[in-house]
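Asks: Take a look at the following structure, please.
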Amino acid sequence: GYQKVLEENRKLYNQVQDLKGNIRVYCRVRPFLPGQPNSVNSVGHLDDGSITILTPSKNGKDAKKSFTFNRVFSPSATQAEVFSDTQPLVRSVLDGYNVCIFAYGQTGSGKTHTMSGPKEITEEGMGVNYRALNDLFSISKQRKDSISYDIRVQMIEIYNEQVRDLLSTDGSIKKLEIRNNSSNGINVPEANLVPVSTTSDVIHLMNLGQRNRAVSATAMNDRSSRSHSCLTVHIQGKDLTSGTVLRGCMHLVDLAGSERVDKSEVVGDRLKEAVHINKSLSALGDVISSLAQKSQHVPYRNSKLTQLLQDSLGGQAKTLMFVHISPEPHATVETISTLKFAERVSSIELGAAKVNKDTSEVKELKEQIASLKEALARKD
Ligand code: ADP
Ligand code: MG
């Protein structure tokens, strides 16, 4: 039963992964918002795998900068289309893989739209979080005669390098500790861990999370743009014939806004937040790019965010980053910096660099062979 399903899935999954690598970057462009000016678009050309940003220069001619990603979603892409390219990754959790899915981008670029959806949730509008859990529910149902799955979720927030439970039911927002190397994969043991099996369970929890997040926001500040929120799905599957138990874990992360804050212009709380966000986003970038480069040392311990995700980044784990950009020309500077960050974390560039290294190695080997042949010929 289990072993066979597992094997088949692994095989299929590895085929996809071999083609794409363990770290993938998808870019999504937000549409213009209703009622806002839309006559000038900073996005020039766009296709399935590349995007060109126009950067106006003084002489009136547009300069262009192009970027390549595993996938580019146009402003007209639906939530269902975005999810369909994410589904194989989500399903691998049922086979015991750890998965991390991030939403990165400046405030207002569409991160929460991708991960959760609009405030008033509809079937069509549901983001990756809902669709992922629904998909896990329906597959676990399909396999119920051979495997028994247990699905539980946690939801936490990281704000100013402090971890808080968003599923707390008594209104308390105590600070939590992260523990790595826990045997059951649950590295924030004090955070509420809630069993889920239906869409309405999930909607209920998401609402609770939203309420707790709002409570901790200070007046006039939208806290959500300056903290990271993470929905973690813990899965345990038990093979009903052999008794084998398999664990998988998936983090779905809505990151803090990536915009640079002019530090000369902010003080107090704003400055503190900006410093923390900057630190954790660059720590994340450093971790992912060092994984992409297969470095010996991966600097997980530089932020709470990377510490939290440690067991799900690298090794056999699969990572997907959605980078979001806004189409408005006034966002261009942030857009370029977002796409440069994304390029840095994606293995695409490094993949190309590797090819170069291989060719020079091959060239060197060929030269060695030639000189050895020459030496042999002289001996004769
Ligand atoms: P962020 O979380 O990055 O700050 P939001 O997800 O809140 O950004 O998006 C900002 C606004 O744009 C919201 O009103 C949201 O509904 C809208 N929006 C974002 N992405 C899309 C999209 N793909 N289609 C339609 N509206 C979107
Ligand atoms: Mg948001």
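Ligands are numbered from 1 in the order shown, residues from 1 within each chain, and chains are lettered A, B, ... in the order they appear in the structure tokens.
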Kindly work out which residues sit at most 9 Å from ligand 1, using only C-alpha atoms and all ligand atoms, and give the list as a PyMOL selection string.
Replies: chain A and resi 28-34+74-79+103-119+125+224-225+254-257+324-326
Asks: If you count only C-alpha atoms, which residues fall within 12 Å of segment 46-59 of chain A, apart from same-chain ones fewer than 2 positions away, as JSON, numbers by chain?
Replies: {"A": [24, 25, 26, 27, 28, 29, 40, 41, 42, 43, 44, 61, 62, 63, 64, 65, 66, 67, 68, 69, 70, 71, 72, 73, 74, 75, 76, 77, 82, 85, 325, 326, 327, 328, 329, 330, 331, 332, 333, 334, 335, 336, 337, 338, 339, 340, 343, 348]}
Asks: Could you write those residues out with N, CA and C atoms, as a short mmCIF file (atom, residue, chain, number, x, y, z; two decimals), in the first residue's frame?
Replies:
```cif
data_model
loop_
_atom_site.label_atom_id
_atom_site.label_comp_id
_atom_site.auth_asym_id
_atom_site.auth_seq_id
_atom_site.Cartn_x
_atom_site.Cartn_y
_atom_site.Cartn_z
N ARG A 24 13.16 27.05 -6.14
CA ARG A 24 12.50 27.65 -7.29
C ARG A 24 12.01 29.05 -6.99
N VAL A 25 12.02 29.89 -7.99
CA VAL A 25 11.52 31.24 -7.81
C VAL A 25 10.47 31.54 -8.87
N TYR A 26 9.29 31.91 -8.40
CA TYR A 26 8.20 32.33 -9.28
C TYR A 26 7.97 33.82 -9.07
N CYS A 27 7.78 34.54 -10.16
CA CYS A 27 7.52 35.97 -10.05
C CYS A 27 6.05 36.23 -10.39
N ARG A 28 5.37 37.05 -9.58
CA ARG A 28 3.98 37.37 -9.87
C ARG A 28 3.80 38.89 -9.92
N VAL A 29 3.18 39.37 -11.00
CA VAL A 29 2.96 40.80 -11.15
C VAL A 29 1.53 41.14 -10.76
N VAL A 40 0.68 54.29 -17.30
CA VAL A 40 2.09 53.93 -17.48
C VAL A 40 2.40 52.66 -16.69
N ASN A 41 2.99 51.69 -17.39
CA ASN A 41 3.28 50.40 -16.79
C ASN A 41 4.79 50.21 -16.75
N SER A 42 5.33 49.85 -15.60
CA SER A 42 6.79 49.68 -15.56
C SER A 42 7.22 48.30 -16.06
N VAL A 43 6.23 47.43 -16.29
CA VAL A 43 6.56 46.11 -16.84
C VAL A 43 6.48 46.18 -18.36
N GLY A 44 7.61 45.88 -19.00
CA GLY A 44 7.61 45.86 -20.46
C GLY A 44 7.20 44.48 -20.92
N LYS A 61 14.51 58.28 -23.04
CA LYS A 61 14.51 56.91 -23.55
C LYS A 61 14.43 55.93 -22.38
N ASP A 62 13.64 54.89 -22.53
CA ASP A 62 13.54 53.90 -21.46
C ASP A 62 14.75 52.96 -21.50
N ALA A 63 15.32 52.76 -20.32
CA ALA A 63 16.31 51.70 -20.21
C ALA A 63 15.55 50.44 -19.81
N LYS A 64 16.13 49.27 -20.08
CA LYS A 64 15.43 48.03 -19.75
C LYS A 64 16.31 47.13 -18.92
N LYS A 65 15.66 46.34 -18.05
CA LYS A 65 16.40 45.33 -17.32
C LYS A 65 15.57 44.06 -17.32
N SER A 66 16.17 42.96 -17.77
CA SER A 66 15.42 41.70 -17.87
C SER A 66 15.86 40.70 -16.81
N PHE A 67 14.92 39.87 -16.39
CA PHE A 67 15.17 38.86 -15.37
C PHE A 67 14.54 37.55 -15.80
N THR A 68 15.18 36.45 -15.43
CA THR A 68 14.65 35.13 -15.77
C THR A 68 14.31 34.37 -14.49
N PHE A 69 13.14 33.74 -14.46
CA PHE A 69 12.75 32.94 -13.29
C PHE A 69 12.16 31.61 -13.74
N ASN A 70 11.92 30.71 -12.78
CA ASN A 70 11.34 29.42 -13.14
C ASN A 70 9.96 29.60 -13.74
N ARG A 71 9.29 30.66 -13.31
CA ARG A 71 7.95 30.92 -13.82
C ARG A 71 7.62 32.39 -13.57
N VAL A 72 6.94 33.02 -14.54
CA VAL A 72 6.46 34.38 -14.34
C VAL A 72 4.95 34.38 -14.55
N PHE A 73 4.22 34.92 -13.57
CA PHE A 73 2.76 35.01 -13.69
C PHE A 73 2.37 36.44 -14.02
N SER A 74 1.58 36.59 -15.06
CA SER A 74 1.15 37.91 -15.48
C SER A 74 0.05 38.42 -14.55
N PRO A 75 -0.29 39.71 -14.65
CA PRO A 75 -1.32 40.26 -13.77
C PRO A 75 -2.67 39.55 -13.92
N SER A 76 -2.89 38.88 -15.04
CA SER A 76 -4.18 38.24 -15.22
C SER A 76 -4.22 36.79 -14.71
N ALA A 77 -3.10 36.29 -14.19
CA ALA A 77 -3.08 34.92 -13.68
C ALA A 77 -4.05 34.77 -12.51
N VAL A 82 -2.00 29.96 -10.36
CA VAL A 82 -0.80 30.07 -9.53
C VAL A 82 -0.66 28.80 -8.68
N ASP A 85 0.77 25.36 -10.32
CA ASP A 85 2.22 25.18 -10.43
C ASP A 85 2.89 24.94 -9.08
N ILE A 325 5.73 41.85 -7.55
CA ILE A 325 6.05 43.22 -7.91
C ILE A 325 4.78 43.98 -8.31
N SER A 326 4.85 45.30 -8.13
CA SER A 326 3.74 46.18 -8.50
C SER A 326 4.05 46.78 -9.86
N PRO A 327 3.03 47.05 -10.67
CA PRO A 327 3.27 47.55 -12.02
C PRO A 327 3.50 49.06 -12.10
N GLU A 328 3.22 49.79 -11.01
CA GLU A 328 3.28 51.26 -11.06
C GLU A 328 4.71 51.76 -11.19
N PRO A 329 4.89 52.79 -12.03
CA PRO A 329 6.24 53.34 -12.22
C PRO A 329 6.86 53.86 -10.92
N HIS A 330 6.05 54.36 -10.00
CA HIS A 330 6.66 54.88 -8.77
C HIS A 330 7.27 53.77 -7.92
N ALA A 331 6.95 52.51 -8.24
CA ALA A 331 7.49 51.39 -7.48
C ALA A 331 8.77 50.82 -8.11
N THR A 332 9.19 51.40 -9.25
CA THR A 332 10.26 50.78 -10.04
C THR A 332 11.55 50.50 -9.26
N VAL A 333 11.95 51.45 -8.42
CA VAL A 333 13.20 51.24 -7.69
C VAL A 333 13.10 50.00 -6.79
N GLU A 334 11.96 49.87 -6.08
CA GLU A 334 11.75 48.69 -5.23
C GLU A 334 11.61 47.43 -6.08
N THR A 335 10.95 47.56 -7.22
CA THR A 335 10.76 46.42 -8.11
C THR A 335 12.10 45.84 -8.55
N ILE A 336 12.99 46.73 -8.97
CA ILE A 336 14.31 46.27 -9.42
C ILE A 336 15.05 45.62 -8.25
N SER A 337 14.95 46.22 -7.06
CA SER A 337 15.70 45.63 -5.95
C SER A 337 15.09 44.28 -5.53
N THR A 338 13.75 44.16 -5.64
CA THR A 338 13.09 42.88 -5.37
C THR A 338 13.56 41.80 -6.35
N LEU A 339 13.60 42.16 -7.62
CA LEU A 339 13.97 41.17 -8.64
C LEU A 339 15.46 40.79 -8.54
N LYS A 340 16.27 41.74 -8.12
CA LYS A 340 17.70 41.42 -7.92
C LYS A 340 17.86 40.45 -6.75
N GLU A 343 16.80 37.10 -7.94
CA GLU A 343 17.81 36.51 -8.83
C GLU A 343 18.95 35.92 -8.00
N ILE A 348 19.22 29.87 -10.79
CA ILE A 348 19.33 30.01 -12.24
C ILE A 348 20.68 30.59 -12.65
#
```
Asks: Compile the contact shell of Asn212 of chain A as an mmCIF file with N, CA and C atoms, in the first residue's frame: residues with an atom at most 8 Å away, counting only C-alpha atoms, same-chain residues fewer than 3 positions apart removed.
Replies:
```
data_model
loop_
_atom_site.group_PDB
_atom_site.id
_atom_site.type_symbol
_atom_site.label_atom_id
_atom_site.label_comp_id
_atom_site.auth_asym_id
_atom_site.auth_seq_id
_atom_site.Cartn_x
_atom_site.Cartn_y
_atom_site.Cartn_z
ATOM 1 N N LEU A 166 0.026 32.916 17.024
ATOM 2 C CA LEU A 166 -1.177 33.568 16.490
ATOM 3 C C LEU A 166 -2.426 32.716 16.698
ATOM 4 N N LEU A 167 -2.244 31.478 17.180
ATOM 5 C CA LEU A 167 -3.420 30.632 17.418
ATOM 6 C C LEU A 167 -3.730 30.521 18.906
ATOM 7 N N SER A 168 -3.175 31.428 19.660
ATOM 8 C CA SER A 168 -3.481 31.425 21.084
ATOM 9 C C SER A 168 -4.959 31.776 21.269
ATOM 10 N N GLY A 171 -6.004 34.891 24.281
ATOM 11 C CA GLY A 171 -5.675 36.293 24.082
ATOM 12 C C GLY A 171 -4.259 36.667 24.514
ATOM 13 N N LEU A 208 -8.886 33.455 13.371
ATOM 14 C CA LEU A 208 -8.311 33.606 14.707
ATOM 15 C C LEU A 208 -6.926 34.247 14.607
ATOM 16 N N GLY A 209 -6.119 33.745 13.675
ATOM 17 C CA GLY A 209 -4.777 34.289 13.460
ATOM 18 C C GLY A 209 -4.825 35.766 13.120
ATOM 19 N N VAL A 215 -4.803 42.418 17.174
ATOM 20 C CA VAL A 215 -4.750 42.830 18.570
ATOM 21 C C VAL A 215 -3.363 43.374 18.921
ATOM 22 N N SER A 216 -2.342 42.696 18.403
ATOM 23 C CA SER A 216 -0.996 43.121 18.773
ATOM 24 C C SER A 216 -0.532 44.362 18.004
#
```
Asks: Please identify all polymer residues within 10 Å of Val153 of chain A, counting only C-alpha atoms, omitting same-chain residues fewer than 2 positions from it, and present them as number ranges by chain.
Replies: A: 133, 151, 155, 167, 191-196, 202, 205, 231-235, 249-251
Asks: As a ChimeraX atom specification, please: all residues of segment 78-163 of chain A that backbone DSSP puts in helix (DSSP H, G or I).
Replies: /A:79-84,87-95,111-115,128-142
Asks: Residues of segment 28-272 of chain A in strand (DSSP E) according to DSSP, as JSON, numbers by chain?
Replies: {"A": [28, 29, 43, 44, 45, 46, 50, 51, 52, 53, 54, 55, 56, 62, 63, 64, 65, 66, 67, 68, 71, 72, 73, 98, 99, 100, 101, 102, 103, 104, 105, 147, 148, 149, 150, 151, 152, 153, 154, 155, 156, 157, 158, 159, 162, 163, 164, 165, 175, 176, 194, 195, 228, 229, 230, 231, 232, 233, 234, 235, 236, 237, 238, 239, 245, 246, 247, 248, 249, 250, 251, 252, 253, 254]}
Asks: Mind giving me the straight-line distance from atom CA of Ser140 of chain A to atom CA of Gly243 of chain A in Å, one decimal?
Replies: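 The value is 16.3 Å.
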Asks: So which one's closest to ligand 2, A:Val298, A:Gly315, A:Arg223, A:His276? Using only C-alpha atoms and all ligand atoms, please.
Replies: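 Smallest distance to ligand 2 is found for A:Arg223.
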Asks: Using only C-alpha atoms and all ligand atoms, find the one residue out of A:Ile277, A:Asp286, A:Ser229, A:Leu240 that sits nearest to ligand 2.
Replies: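 Smallest separation from ligand 2 among the options: A:Ser229.
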Asks: How many Å lie between atom CA of Asp262 of chain A and atom CA of Tyr300 of chain A, rounded to one decimal?
Replies: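 These atoms are spaced 26.9 Å apart.
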Asks: With a distance cut-off of 8 Å and only C-alpha atoms, select the neighbouring residues of Tyr159 of chain A, excluding the residue or stretch itself and same-chain residues fewer than 4 positions from it, and output the selection as a list in words.
Replies: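 Contacts, with the query itself left out: Val163, Arg164, Arg226, Ser227, His228 and Glu273 of chain A.
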